[in-house]
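**Student:** The structure is given below, and queries will be raised subsequently.
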Amino acid sequence: MAGRSDCTAPVARTVVQQCLQARLQVKPQDEHQQAQWVQIERGMVVYVCFLKGATEDILPKMVSTLLNVQLCESSSGKLVSLTELPGSLLVVPQATLGGKAKGRSMQYHHNVAKEDGKRLYSRFVALCQQAAGAGVGVHHGTYGNRQVLHLQTNGPHTHLMEF
C-alpha cells in the first residue's frame, strides 16, 4: 500500500491498468447531440475513489506515485513508468471502489461526500496534468457520470494501490 502506514485506514483507492488503447464516454448521448468520448493510445488507465478522511494533502503523493511507478511494459518488455514510455493517462472516477459487501448488497458508506469527491477528483486531474509533462497526454472522465469504457490491453496487468 503506497504512501501510508499499515495502522491508518486508506483515504483513497486506485486501480491501475496498463492499456494499448482506451476510449471513455465523457458525456452521454441526449436528444440534441451524440455521446462524447476521450481516447488514449498506449498508456495507463487509473480508476480513482476517495474515501472518508481524504484531503488535498494526499493528492501530490498519489500523483507522484502513479506517474512514476514502473508498471508499463516498454517495447523491449522492460517495465517502465508512464513518463518513460511516453504514453497517455486516462483518469476514471470510480466511486464503486469504495464499496463493501453487506449481505447481498454493496454499500458505499466509506466514500467521501459527493461534493468533496468531485472537488478532490478535479484537483487530482489538474495535478496529473501539471506533473505529467509534455510527453504524457492526460485525459479524464466526468465525475458523477456513468463511466462507459472500452479497453484494449495486452494482458491483465492490473494493480490495486491504496493511499
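How things are named: the first chain in the C-alpha cells is A, the next is B, and so on; residues count from 1 in each chain; ligands count from 1 in the order shown.
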Just want the 10 Å neighbourhood of Leu120 (chain A), counted on only C-alpha atoms, with same-chain residues fewer than 4 positions away dropped. Output as a list in words.
**Tutor:** Cys49, Phe50, Ala54, Thr55, Glu56, Ile58, Leu59, Val112, Lys114, Glu115, Asp116, Phe124, Val125 and Ala126 of chain A
**Student:** Tell me which protein, DNA and RNA residues are within 12 Å of region 144-146 of chain A, counting only C-alpha atoms, leaving out same-chain ones fewer than 2 positions away, and put them as a list in words.
**Tutor:**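 That gives Leu24, Gln25, Val26, Lys27, Pro28, Gln29, Cys49, Val92, Pro93, Gln94, Ala95, Thr96, Ala113, Lys114, Glu115, Asp116, Gly117, Lys118, Arg119, Tyr121, Ser122, His140, Gly141, Thr142, Val148 and Leu149 of chain A.
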**Student:** Could you name the residues that touch Leu151 (chain A) at 9 Å or less, counting only C-alpha atoms, but leaving out those on the same chain fewer than 3 positions away, as an mmCIF file with N, CA and C atoms, in the first residue's frame?
**Tutor:**
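As written to disk, selection_18.cif reads:
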```cif
data_model
loop_
_atom_site.group_PDB
_atom_site.id
_atom_site.type_symbol
_atom_site.label_atom_id
_atom_site.label_comp_id
_atom_site.auth_asym_id
_atom_site.auth_seq_id
_atom_site.Cartn_x
_atom_site.Cartn_y
_atom_site.Cartn_z
ATOM 1 N N CYS A 19 -2.662 -0.198 -20.717
ATOM 2 C CA CYS A 19 -3.525 -0.443 -21.873
ATOM 3 C C CYS A 19 -2.794 -0.135 -23.172
ATOM 4 N N LEU A 20 -3.319 -0.715 -24.254
ATOM 5 C CA LEU A 20 -2.857 -0.393 -25.598
ATOM 6 C C LEU A 20 -3.722 0.708 -26.193
ATOM 7 N N GLN A 21 -4.985 0.730 -25.746
ATOM 8 C CA GLN A 21 -5.923 1.769 -26.176
ATOM 9 C C GLN A 21 -7.103 1.763 -25.208
ATOM 10 N N ALA A 22 -7.626 2.946 -24.917
ATOM 11 C CA ALA A 22 -8.812 3.058 -24.073
ATOM 12 C C ALA A 22 -9.665 4.213 -24.581
ATOM 13 N N ARG A 23 -10.969 3.994 -24.543
ATOM 14 C CA ARG A 23 -11.928 5.001 -25.004
ATOM 15 C C ARG A 23 -13.006 5.124 -23.933
ATOM 16 N N LEU A 24 -13.228 6.354 -23.432
ATOM 17 C CA LEU A 24 -14.140 6.597 -22.326
ATOM 18 C C LEU A 24 -15.189 7.629 -22.715
ATOM 19 N N VAL A 45 -4.641 3.394 -17.507
ATOM 20 C CA VAL A 45 -5.935 3.842 -17.004
ATOM 21 C C VAL A 45 -5.860 3.779 -15.487
#
```
**Student:** Smallest atom-to-atom distance to Gln70 (chain A): which of A:Gly98, A:Gln17, A:Gln107, A:Val91, using only C-alpha atoms?
**Tutor:**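 Using only C-alpha atoms, Gln70 (chain A) sits closest to A:Gln17.
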**Student:** Can you pull out the residues contacting Gly137 (chain A)? Cut-off 7 Å, using only C-alpha atoms, and skip same-chain residues under 5 positions away; I want them as a PyMOL selection string.
**Tutor:** chain A and resi 87-89
**Student:** Apply DSSP to the structure's backbone, then extract all residues of chain A labelled strand (DSSP E) and return them as a PyMOL selection string.
**Tutor:** chain A and resi 12-19+21-27+36-40+43-50+72-73+79-80+88-93+100-102+105-107+137-140+149-152+158-162
**Student:** Pick out the residues sitting within 9 Å of His157 (chain A), and hand them over as a list in words; count only C-alpha atoms, and ignore anything fewer than 3 positions along from it in its own chain.
**Tutor:**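 Near His157 (chain A), the qualifying residues are Val16, Gln17, Gln18, Cys19, Leu71, Cys72, Thr153 and Asn154 of chain A.
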**Student:** Keeping only N, CA and C atoms, take the residues you just selected and write them out as a PDB file, in the first residue's frame.
**Tutor:**
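Result file is part.pdb:
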```
ATOM      1  N   VAL A  16      -4.971   0.490 -11.170  1.00  0.00           N
ATOM      2  CA  VAL A  16      -4.146   0.923 -12.298  1.00  0.00           C
ATOM      3  C   VAL A  16      -4.096  -0.216 -13.309  1.00  0.00           C
ATOM      4  N   GLN A  17      -4.371   0.104 -14.576  1.00  0.00           N
ATOM      5  CA  GLN A  17      -4.390  -0.890 -15.648  1.00  0.00           C
ATOM      6  C   GLN A  17      -3.603  -0.356 -16.835  1.00  0.00           C
ATOM      7  N   GLN A  18      -2.565  -1.063 -17.243  1.00  0.00           N
ATOM      8  CA  GLN A  18      -1.874  -0.640 -18.466  1.00  0.00           C
ATOM      9  C   GLN A  18      -2.784  -0.959 -19.647  1.00  0.00           C
ATOM     10  N   CYS A  19      -2.662  -0.198 -20.717  1.00  0.00           N
ATOM     11  CA  CYS A  19      -3.525  -0.443 -21.873  1.00  0.00           C
ATOM     12  C   CYS A  19      -2.794  -0.135 -23.172  1.00  0.00           C
ATOM     13  N   LEU A  71       5.047   0.221 -14.049  1.00  0.00           N
ATOM     14  CA  LEU A  71       4.030  -0.782 -14.343  1.00  0.00           C
ATOM     15  C   LEU A  71       3.747  -0.938 -15.832  1.00  0.00           C
ATOM     16  N   CYS A  72       4.292  -0.060 -16.657  1.00  0.00           N
ATOM     17  CA  CYS A  72       4.002  -0.092 -18.091  1.00  0.00           C
ATOM     18  C   CYS A  72       5.089  -0.883 -18.816  1.00  0.00           C
ATOM     19  N   THR A 153      -6.090  -4.233 -23.963  1.00  0.00           N
ATOM     20  CA  THR A 153      -4.876  -4.425 -23.187  1.00  0.00           C
ATOM     21  C   THR A 153      -4.111  -5.636 -23.717  1.00  0.00           C
ATOM     22  N   ASN A 154      -2.831  -5.695 -23.407  1.00  0.00           N
ATOM     23  CA  ASN A 154      -2.019  -6.828 -23.825  1.00  0.00           C
ATOM     24  C   ASN A 154      -1.818  -7.811 -22.675  1.00  0.00           C
TER      25      ASN A 154
END
```
**Student:** I'd like to know which residues of chain A are alpha helix (DSSP H) (by DSSP, run on the backbone); could you write them as a PyMOL selection string?
**Tutor:** chain A and resi 59-68+114-132
**Student:** Based on the selection just made, write N, CA and C atoms of those residues as a PDB file, in the first residue's frame.
**Tutor:**
```pdb
ATOM      1  N   LEU A  59      -3.054  14.225  -2.386  1.00  0.00           N
ATOM      2  CA  LEU A  59      -3.029  14.246  -3.844  1.00  0.00           C
ATOM      3  C   LEU A  59      -1.634  14.288  -4.464  1.00  0.00           C
ATOM      4  N   PRO A  60      -0.708  15.134  -3.996  1.00  0.00           N
ATOM      5  CA  PRO A  60       0.637  15.125  -4.612  1.00  0.00           C
ATOM      6  C   PRO A  60       1.321  13.770  -4.511  1.00  0.00           C
ATOM      7  N   LYS A  61       1.184  13.085  -3.380  1.00  0.00           N
ATOM      8  CA  LYS A  61       1.782  11.755  -3.206  1.00  0.00           C
ATOM      9  C   LYS A  61       1.152  10.760  -4.178  1.00  0.00           C
ATOM     10  N   MET A  62      -0.167  10.815  -4.336  1.00  0.00           N
ATOM     11  CA  MET A  62      -0.851   9.925  -5.272  1.00  0.00           C
ATOM     12  C   MET A  62      -0.353  10.140  -6.688  1.00  0.00           C
ATOM     13  N   VAL A  63      -0.305  11.397  -7.114  1.00  0.00           N
ATOM     14  CA  VAL A  63       0.106  11.730  -8.479  1.00  0.00           C
ATOM     15  C   VAL A  63       1.540  11.272  -8.730  1.00  0.00           C
ATOM     16  N   SER A  64       2.431  11.585  -7.817  1.00  0.00           N
ATOM     17  CA  SER A  64       3.835  11.200  -7.981  1.00  0.00           C
ATOM     18  C   SER A  64       3.980   9.684  -8.065  1.00  0.00           C
ATOM     19  N   THR A  65       3.316   8.974  -7.173  1.00  0.00           N
ATOM     20  CA  THR A  65       3.401   7.511  -7.162  1.00  0.00           C
ATOM     21  C   THR A  65       2.866   6.920  -8.463  1.00  0.00           C
ATOM     22  N   LEU A  66       1.687   7.365  -8.874  1.00  0.00           N
ATOM     23  CA  LEU A  66       1.044   6.790 -10.053  1.00  0.00           C
ATOM     24  C   LEU A  66       1.799   7.093 -11.347  1.00  0.00           C
ATOM     25  N   LEU A  67       2.348   8.287 -11.472  1.00  0.00           N
ATOM     26  CA  LEU A  67       3.072   8.637 -12.696  1.00  0.00           C
ATOM     27  C   LEU A  67       4.461   8.006 -12.761  1.00  0.00           C
ATOM     28  N   ASN A  68       5.017   7.647 -11.603  1.00  0.00           N
ATOM     29  CA  ASN A  68       6.399   7.168 -11.585  1.00  0.00           C
ATOM     30  C   ASN A  68       6.567   5.681 -11.295  1.00  0.00           C
ATOM     31  N   LYS A 114     -20.268  13.400  -1.963  1.00  0.00           N
ATOM     32  CA  LYS A 114     -20.172  13.608  -3.415  1.00  0.00           C
ATOM     33  C   LYS A 114     -19.471  14.917  -3.780  1.00  0.00           C
ATOM     34  N   GLU A 115     -19.807  16.004  -3.122  1.00  0.00           N
ATOM     35  CA  GLU A 115     -19.177  17.295  -3.443  1.00  0.00           C
ATOM     36  C   GLU A 115     -17.687  17.292  -3.113  1.00  0.00           C
ATOM     37  N   ASP A 116     -17.311  16.662  -1.996  1.00  0.00           N
ATOM     38  CA  ASP A 116     -15.888  16.548  -1.650  1.00  0.00           C
ATOM     39  C   ASP A 116     -15.164  15.681  -2.674  1.00  0.00           C
ATOM     40  N   GLY A 117     -15.790  14.580  -3.080  1.00  0.00           N
ATOM     41  CA  GLY A 117     -15.193  13.708  -4.091  1.00  0.00           C
ATOM     42  C   GLY A 117     -14.988  14.427  -5.405  1.00  0.00           C
ATOM     43  N   LYS A 118     -15.971  15.215  -5.803  1.00  0.00           N
ATOM     44  CA  LYS A 118     -15.877  15.966  -7.057  1.00  0.00           C
ATOM     45  C   LYS A 118     -14.729  16.975  -7.001  1.00  0.00           C
ATOM     46  N   ARG A 119     -14.591  17.665  -5.876  1.00  0.00           N
ATOM     47  CA  ARG A 119     -13.514  18.645  -5.708  1.00  0.00           C
ATOM     48  C   ARG A 119     -12.146  17.954  -5.705  1.00  0.00           C
ATOM     49  N   LEU A 120     -12.019  16.854  -4.971  1.00  0.00           N
ATOM     50  CA  LEU A 120     -10.751  16.124  -4.916  1.00  0.00           C
ATOM     51  C   LEU A 120     -10.382  15.549  -6.287  1.00  0.00           C
ATOM     52  N   TYR A 121     -11.375  15.022  -6.984  1.00  0.00           N
ATOM     53  CA  TYR A 121     -11.137  14.457  -8.317  1.00  0.00           C
ATOM     54  C   TYR A 121     -10.639  15.537  -9.282  1.00  0.00           C
ATOM     55  N   SER A 122     -11.290  16.685  -9.273  1.00  0.00           N
ATOM     56  CA  SER A 122     -10.900  17.786 -10.151  1.00  0.00           C
ATOM     57  C   SER A 122      -9.461  18.230  -9.868  1.00  0.00           C
ATOM     58  N   ARG A 123      -9.122  18.331  -8.603  1.00  0.00           N
ATOM     59  CA  ARG A 123      -7.765  18.745  -8.217  1.00  0.00           C
ATOM     60  C   ARG A 123      -6.747  17.651  -8.587  1.00  0.00           C
ATOM     61  N   PHE A 124      -7.116  16.392  -8.402  1.00  0.00           N
ATOM     62  CA  PHE A 124      -6.249  15.270  -8.762  1.00  0.00           C
ATOM     63  C   PHE A 124      -5.924  15.304 -10.255  1.00  0.00           C
ATOM     64  N   VAL A 125      -6.942  15.497 -11.083  1.00  0.00           N
ATOM     65  CA  VAL A 125      -6.737  15.566 -12.538  1.00  0.00           C
ATOM     66  C   VAL A 125      -5.817  16.734 -12.889  1.00  0.00           C
ATOM     67  N   ALA A 126      -6.051  17.884 -12.277  1.00  0.00           N
ATOM     68  CA  ALA A 126      -5.215  19.059 -12.554  1.00  0.00           C
ATOM     69  C   ALA A 126      -3.758  18.794 -12.178  1.00  0.00           C
ATOM     70  N   LEU A 127      -3.533  18.153 -11.036  1.00  0.00           N
ATOM     71  CA  LEU A 127      -2.162  17.834 -10.625  1.00  0.00           C
ATOM     72  C   LEU A 127      -1.517  16.823 -11.572  1.00  0.00           C
ATOM     73  N   CYS A 128      -2.289  15.853 -12.055  1.00  0.00           N
ATOM     74  CA  CYS A 128      -1.762  14.904 -13.038  1.00  0.00           C
ATOM     75  C   CYS A 128      -1.331  15.637 -14.303  1.00  0.00           C
ATOM     76  N   GLN A 129      -2.163  16.575 -14.760  1.00  0.00           N
ATOM     77  CA  GLN A 129      -1.839  17.332 -15.970  1.00  0.00           C
ATOM     78  C   GLN A 129      -0.577  18.165 -15.772  1.00  0.00           C
ATOM     79  N   GLN A 130      -0.416  18.759 -14.594  1.00  0.00           N
ATOM     80  CA  GLN A 130       0.771  19.571 -14.314  1.00  0.00           C
ATOM     81  C   GLN A 130       2.026  18.716 -14.229  1.00  0.00           C
ATOM     82  N   ALA A 131       1.918  17.564 -13.569  1.00  0.00           N
ATOM     83  CA  ALA A 131       3.093  16.730 -13.306  1.00  0.00           C
ATOM     84  C   ALA A 131       3.496  15.855 -14.484  1.00  0.00           C
ATOM     85  N   ALA A 132       2.574  15.593 -15.390  1.00  0.00           N
ATOM     86  CA  ALA A 132       2.835  14.635 -16.472  1.00  0.00           C
ATOM     87  C   ALA A 132       3.888  15.112 -17.453  1.00  0.00           C
TER      88      ALA A 132
END
```
**Student:** Quick one, how far is CA of Lys102 (chain A) from CA of Val46 (chain A)?
**Tutor:** 26.2 Å
